[in-house]
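To start, the structure under review is shown below, and the notes come after it.
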Amino acid sequence: MSLLTKTMSLAAAAAMAVTLLGSASFAEDGTGQQLYPLFTYRTGPYAPSFIPFGAGNIDYLRYIDEVEGGVDGVKILVQECETAYTIERGIECYERYKNGYNGALTAAIYPHSSGLDVALTDKARIDKIPIVSPGGGQNIATDGRVFPYQYPLVFDYWSEAQIIVDYIAQQAGGYDKLKGLKIATLYHDSGYGRDTIEPLGILSKKYGFEDIQIPVPHPGEQQQTQWQQIRRANADWVFLRGWGVMTPVAIKTAARVGFPANRIIGDIWSGSEDDARPAGAAANGYLAVSVFPPGTNYGILKTLKADILDKGKSDLKDNSKFGTVYYNYGVIEAITFVEALRTGHKKFGNRPLTAAEGQWALENLDIDQKRIAELGAEGLISPLKTSIDNHKGETIAAKIIQWNGQSWDTRTDWIKADASLFADVIKAKAAAYAKEKGIEPRVATN
Amino acid sequence: MQESAPSKPLRRPALGVGTIAVVAGLVAAFAVPVLADDYWLSSIIIPTVIMGLAGIGLNLLMGYTGLVSIGSAAFMSIGAFSTYNLLLRAPFLPLPVVLILAGLIAAAAGVIFGLPSLRIKGFYLGASTLGAQFLFEWLFTNFSWFSNDSQSLTISAPRLQILDYDLQSATGRYYLVIATTVLLIALAFAIVKSRVGREWMAIRDMDVAASVIGIRVARRKLLSFGISSFFLGIAGALWAFGYLGTSDAHAFNLDKSFQILFIVIIGGVATIFGNFLGAAFIVLTPILLDRLSLIIDLSFLGDQGALANLQHIIFGTIIIVLLIKEPDGLSSLGRRGVEALRSRTRSSS
């Protein structure tokens, strides 16, 4: 190939590339449909948790579309976009789908990454696109007056800290028995892991237990010294805030130093099957907080099994992942999306919602006990009610689950967090953020 | 050195072709936001330009001075965190001054981590710059002072503005990025064409000979580390605030250092504009492959995950083929293409 033809073909390839990047006219027409941009990480270090999580999402939306004929008759167009859990690729996906896709409208974007959620804060405010992160958003974004476009729905780590303390109090026989107890928090040394230091400090002052904080550097394959420290301190309970490989290593190391597994409570990202199983027998009796309770014995899971899984329409390649923590998390997330659309339809009519309408809907969500029963999700999700003042939802709750060597057993009913306990601190932080950024907080009118 | 096209003094018009090209390039660069929408600006053009700038930073060190560094991202993170802290703690400083100061802070760090280069070479030097990579990632994750005690250790851009002109929109961020980059390209050209640049190349080609002819090798090497880090530091600040909008130390991990290294290798060592070709390749190819999979039915692969992995394979293959076929990088391919076109038109006329 002569140099000239080489250059020409390079130029031709570049021209084709530019055309491809710029237009999307080749794909199907999405007019009249609601876009659900599904940010995936099927590659990269966290792919094992995404695969069942994404499947739960897709299966539920597929069920809504194919069995129920859409959300109030509006079909959902799922467009995958691979981020590999990197912020850069995530921003590209956000830019690609923020204004819809071939006529299908974007009502909200679920970034599926705490880091990306933070990175999109400014962009979403400028573009006016709601960013929804169930279980993983920014706690200060609970204050919707300062963060009109961020929705850290369902759960946050501060409430988690409080739920842990509540459970320990239950076990000890009352809050007054917490005095003198030693609760050690073993945390992944990252922004995520450090997030419970402050609330536990507040709680320990309130209840008089001793608060021990021990960091584990990423990724956490070495924890011998940390567990020796826990033994020496004679801790009564360990709150394990692990991530990835750190969790099974912690459980195994605990067994080696003789710390009982049934005195370790994992956080929501330390409470999946893949966290407990690799630790083998050491994990028997290990406890964890669960906002996404595992199991297949819920009405909606039975429906999905009959209509999607058994008909070969599931996104799962490995059906044994059905009903696992991450699969159910995906189903719960998809439910929040579909219920937000229904909320919007009641006000704006049964048609695809715009981002502005999606924002209104997310701010006025009300999934009450009755609606949960209709969805066949009793026990799977706890009531969720949002407002301008509270983008997280007013009744934060979680269950405690226990590993029996094969699967998780649910140990408690929903333990509710007292939202008022930290409300002032969060408001103050949001106000400081607003000041730093020059944002004028909205006045709640609804 | 390789940048200058063969000059033809006899037929040179009054206004240099180079000048016209530069002016046209500038006009085009500043007209881009008229033609490009947010998607193009935010997720294609801005990252390409910034990564190209980072490529220049490393190229000054690697291509022109012949020193190895695999800690480029560390110097970017210094620039990003310095910018953040300066904007936060010295709010009276205007943004351009802050960017320059941040670049200088990164340059100082670069000089310090360049010290081993006076004694060791090649891979061993690479290992010592790797030290910078790990040190700064550790520093910024373990001392929350650098992120203003933010819970998530992320830094987010305080108000980006120049003289009350708000730069938060995609267009505003583009202008910030492009203006900075244009100035730094000019600076890079000035440096490599100056005595300093020629001395760097002499050191690169044979440092013993360079010292024999009186070049102060140690000083020039350190200067190279400093200037390279200055460019990288500013690129890091732009990456954090002009592109991502927020960032933490992990945004500047070893992967990013390798990306910059690839940009230099793919774009071509010892070039300035080649870095932008390399950056375009690194930024665009994955997006392009992703887009391509939207129109070509690849469902026979069975799985979106398999598809994503296939893209990695294709990307890797392209890099390997490119390096075998075009070891001097894309810029050399482009340059020889232009020369071939020119000679063909000459012979046909």
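Chains: A, B, ... in order of the structure tokens. Residues: from 1 per chain. Ligands: from 1, in order shown.
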Where does DSSP see alpha helix (DSSP H) in segment 11-220 of chain A, if you list the residues as a ChimeraX atom specification?
/A:11-22,47-66,87-97,114-119,121-127,157-172,191-194,197-207
Show me, as JSON lines, the residues of chain B having an atom within 7 Å of chain A, each with the closest atom pair and its distance in Å, using only C-alpha atoms.
{"residue": "B:Tyr39", "atom": "CA", "partner": "A:Glu95", "partner_atom": "CA", "distance": 5.1}
{"residue": "B:Ser43", "atom": "CA", "partner": "A:Glu92", "partner_atom": "CA", "distance": 5.0}
{"residue": "B:Gln151", "atom": "CA", "partner": "A:Gly191", "partner_atom": "CA", "distance": 5.8}
{"residue": "B:Ser152", "atom": "CA", "partner": "A:Gly191", "partner_atom": "CA", "distance": 3.7}
{"residue": "B:Leu153", "atom": "CA", "partner": "A:Gly191", "partner_atom": "CA", "distance": 5.4}
{"residue": "B:Pro158", "atom": "CA", "partner": "A:Lys437", "partner_atom": "CA", "distance": 6.0}
{"residue": "B:Arg159", "atom": "CA", "partner": "A:Lys437", "partner_atom": "CA", "distance": 6.1}
{"residue": "B:Leu244", "atom": "CA", "partner": "A:Ala119", "partner_atom": "CA", "distance": 6.2}
{"residue": "B:Gly245", "atom": "CA", "partner": "A:Ala119", "partner_atom": "CA", "distance": 5.8}
{"residue": "B:Thr246", "atom": "CA", "partner": "A:Ala119", "partner_atom": "CA", "distance": 5.1}
{"residue": "B:Leu288", "atom": "CA", "partner": "A:Leu21", "partner_atom": "CA", "distance": 6.4}
{"residue": "B:Arg291", "atom": "CA", "partner": "A:Leu20", "partner_atom": "CA", "distance": 6.8}
{"residue": "B:Ile295", "atom": "CA", "partner": "A:Phe26", "partner_atom": "CA", "distance": 6.7}
{"residue": "B:Gly305", "atom": "CA", "partner": "A:Arg42", "partner_atom": "CA", "distance": 4.9}
{"residue": "B:Ala308", "atom": "CA", "partner": "A:Thr43", "partner_atom": "CA", "distance": 6.6}
{"residue": "B:Asn309", "atom": "CA", "partner": "A:Thr43", "partner_atom": "CA", "distance": 6.7}
{"residue": "B:Gly334", "atom": "CA", "partner": "A:Thr7", "partner_atom": "CA", "distance": 6.9}
{"residue": "B:Gly337", "atom": "CA", "partner": "A:Thr7", "partner_atom": "CA", "distance": 5.4}
{"residue": "B:Ala340", "atom": "CA", "partner": "A:Leu4", "partner_atom": "CA", "distance": 6.2}
{"residue": "B:Leu341", "atom": "CA", "partner": "A:Leu4", "partner_atom": "CA", "distance": 6.8}
Can I get the selection written as a short mmCIF file (atom, residue, chain, number, x, y, z; two decimals), in the first residue's frame, with N, CA and C atoms?
data_model
loop_
_atom_site.label_atom_id
_atom_site.label_comp_id
_atom_site.auth_asym_id
_atom_site.auth_seq_id
_atom_site.Cartn_x
_atom_site.Cartn_y
_atom_site.Cartn_z
N TYR B 39 -22.63 17.84 23.51
CA TYR B 39 -22.05 16.51 23.52
C TYR B 39 -20.64 16.53 22.96
N SER B 43 -17.80 15.98 25.77
CA SER B 43 -17.28 14.64 25.93
C SER B 43 -16.30 14.23 24.83
N GLN B 151 -16.11 15.08 52.68
CA GLN B 151 -16.30 13.71 53.13
C GLN B 151 -15.86 12.69 52.10
N SER B 152 -16.14 13.01 50.84
CA SER B 152 -15.87 12.02 49.81
C SER B 152 -14.48 12.22 49.21
N LEU B 153 -13.70 13.16 49.78
CA LEU B 153 -12.34 13.45 49.32
C LEU B 153 -12.30 13.97 47.90
N PRO B 158 -14.74 25.40 42.48
CA PRO B 158 -15.41 26.60 42.95
C PRO B 158 -15.86 27.37 41.71
N ARG B 159 -16.54 28.47 41.88
CA ARG B 159 -17.01 29.18 40.69
C ARG B 159 -15.88 29.46 39.70
N LEU B 244 -13.98 17.19 33.96
CA LEU B 244 -14.77 16.37 34.88
C LEU B 244 -15.73 17.20 35.72
N GLY B 245 -15.30 18.40 36.11
CA GLY B 245 -16.14 19.23 36.96
C GLY B 245 -15.86 18.93 38.42
N THR B 246 -15.25 17.80 38.66
CA THR B 246 -14.90 17.41 40.00
C THR B 246 -13.85 16.34 39.86
N LEU B 288 -15.95 5.47 19.55
CA LEU B 288 -16.26 5.09 18.18
C LEU B 288 -16.67 3.62 18.09
N ARG B 291 -20.06 3.24 19.44
CA ARG B 291 -21.07 3.72 18.50
C ARG B 291 -21.27 2.73 17.36
N ILE B 295 -24.76 0.24 15.37
CA ILE B 295 -25.33 0.04 14.04
C ILE B 295 -25.09 -1.36 13.49
N GLY B 305 -21.69 -7.60 27.65
CA GLY B 305 -20.40 -7.66 28.34
C GLY B 305 -19.31 -8.15 27.40
N ALA B 308 -18.35 -5.38 25.15
CA ALA B 308 -17.47 -4.41 25.78
C ALA B 308 -16.03 -4.94 25.82
N ASN B 309 -15.90 -6.22 26.08
CA ASN B 309 -14.56 -6.80 26.10
C ASN B 309 -13.96 -6.87 24.71
N GLY B 334 1.00 11.33 9.00
CA GLY B 334 0.35 12.51 8.43
C GLY B 334 1.32 13.36 7.64
N GLY B 337 2.31 11.78 4.46
CA GLY B 337 1.17 11.83 3.55
C GLY B 337 1.11 13.16 2.84
N ALA B 340 3.86 13.36 0.32
CA ALA B 340 3.57 12.54 -0.86
C ALA B 340 2.59 13.25 -1.78
N LEU B 341 1.55 13.86 -1.18
CA LEU B 341 0.57 14.62 -1.96
C LEU B 341 1.25 15.75 -2.72
#
I want to know what sits within 6 Å of segment 271-275 of chain A, based on only C-alpha atoms, with residues of the same chain fewer than 4 positions away left out; could you give that as a CSV table (one decimal) with N, CA and C atoms, in the first residue's frame?
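result.csv, written as the output of this step:
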chain,number,residue,atom,x,y,z
A,247,THR,N,-14.0,-7.4,52.2
A,247,THR,CA,-15.0,-8.0,53.0
A,247,THR,C,-14.7,-9.5,53.4
A,248,PRO,N,-14.5,-10.3,52.4
A,248,PRO,CA,-14.2,-11.7,52.7
A,248,PRO,C,-12.8,-11.8,53.5
A,266,GLY,N,-21.9,-6.3,58.6
A,266,GLY,CA,-21.4,-5.7,57.3
A,266,GLY,C,-22.3,-4.5,56.9
A,288,ALA,N,-25.3,-8.6,58.2
A,288,ALA,CA,-25.1,-7.4,57.4
A,288,ALA,C,-26.4,-6.6,57.3
A,325,VAL,N,-28.7,-10.4,46.3
A,325,VAL,CA,-28.8,-9.0,46.8
A,325,VAL,C,-28.7,-8.0,45.6
All residues 6 Å or closer to segment 417-420 of chain A, only C-alpha atoms, same chain fewer than 6 positions away omitted, as JSON, numbers by chain
{"A": [159, 163, 396, 397]}
With a distance cut-off of 7 Å and only C-alpha atoms, select the neighbouring residues of Leu58 of chain B, excluding the residue or stretch itself and same-chain residues fewer than 4 positions from it, and output the selection as a VMD selection string.
chain B and resid 54 62 72 228
Non-local contacts of Ala109 of chain B (8 Å; only C-alpha atoms; under 6 positions in same chain excluded) as a PyMOL selection string
chain B and resi 75+226+229
Would you save the residues of that selection, restricted to C-alpha atoms, as an mmCIF file, in the first residue's frame?
data_model
loop_
_atom_site.group_PDB
_atom_site.id
_atom_site.type_symbol
_atom_site.label_atom_id
_atom_site.label_comp_id
_atom_site.auth_asym_id
_atom_site.auth_seq_id
_atom_site.Cartn_x
_atom_site.Cartn_y
_atom_site.Cartn_z
ATOM 1 C CA PHE B 75 1.861 15.986 38.295
ATOM 2 C CA GLY B 226 10.092 21.282 35.654
ATOM 3 C CA SER B 229 5.385 19.156 34.999
#
Name the residues in contact with Ser382 of chain A at a cut-off of 9 Å, using only C-alpha atoms, excluding same-chain residues fewer than 6 positions from it; report them as a list of chain:residue names.
A:Val154, A:Val291, A:Ile367, A:Asp368, A:Gln369, A:Ile372, A:Thr395, A:Ile396, A:Ala397, A:Ala398, A:Trp414
Check the DSSP output for the backbone and give back, as an NGL selection string, the residues of segment 86-224 of chain A in strand (DSSP E).
:A and (105-106 or 131-132 or 150-151 or 182-188 or 210-216)
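Minimum atom-to-atom distance to His345 of chain A, evaluated using only C-alpha atoms, belongs to A:Gly73 out of A:Leu301, A:Gly73, A:Asp59, A:Val425.
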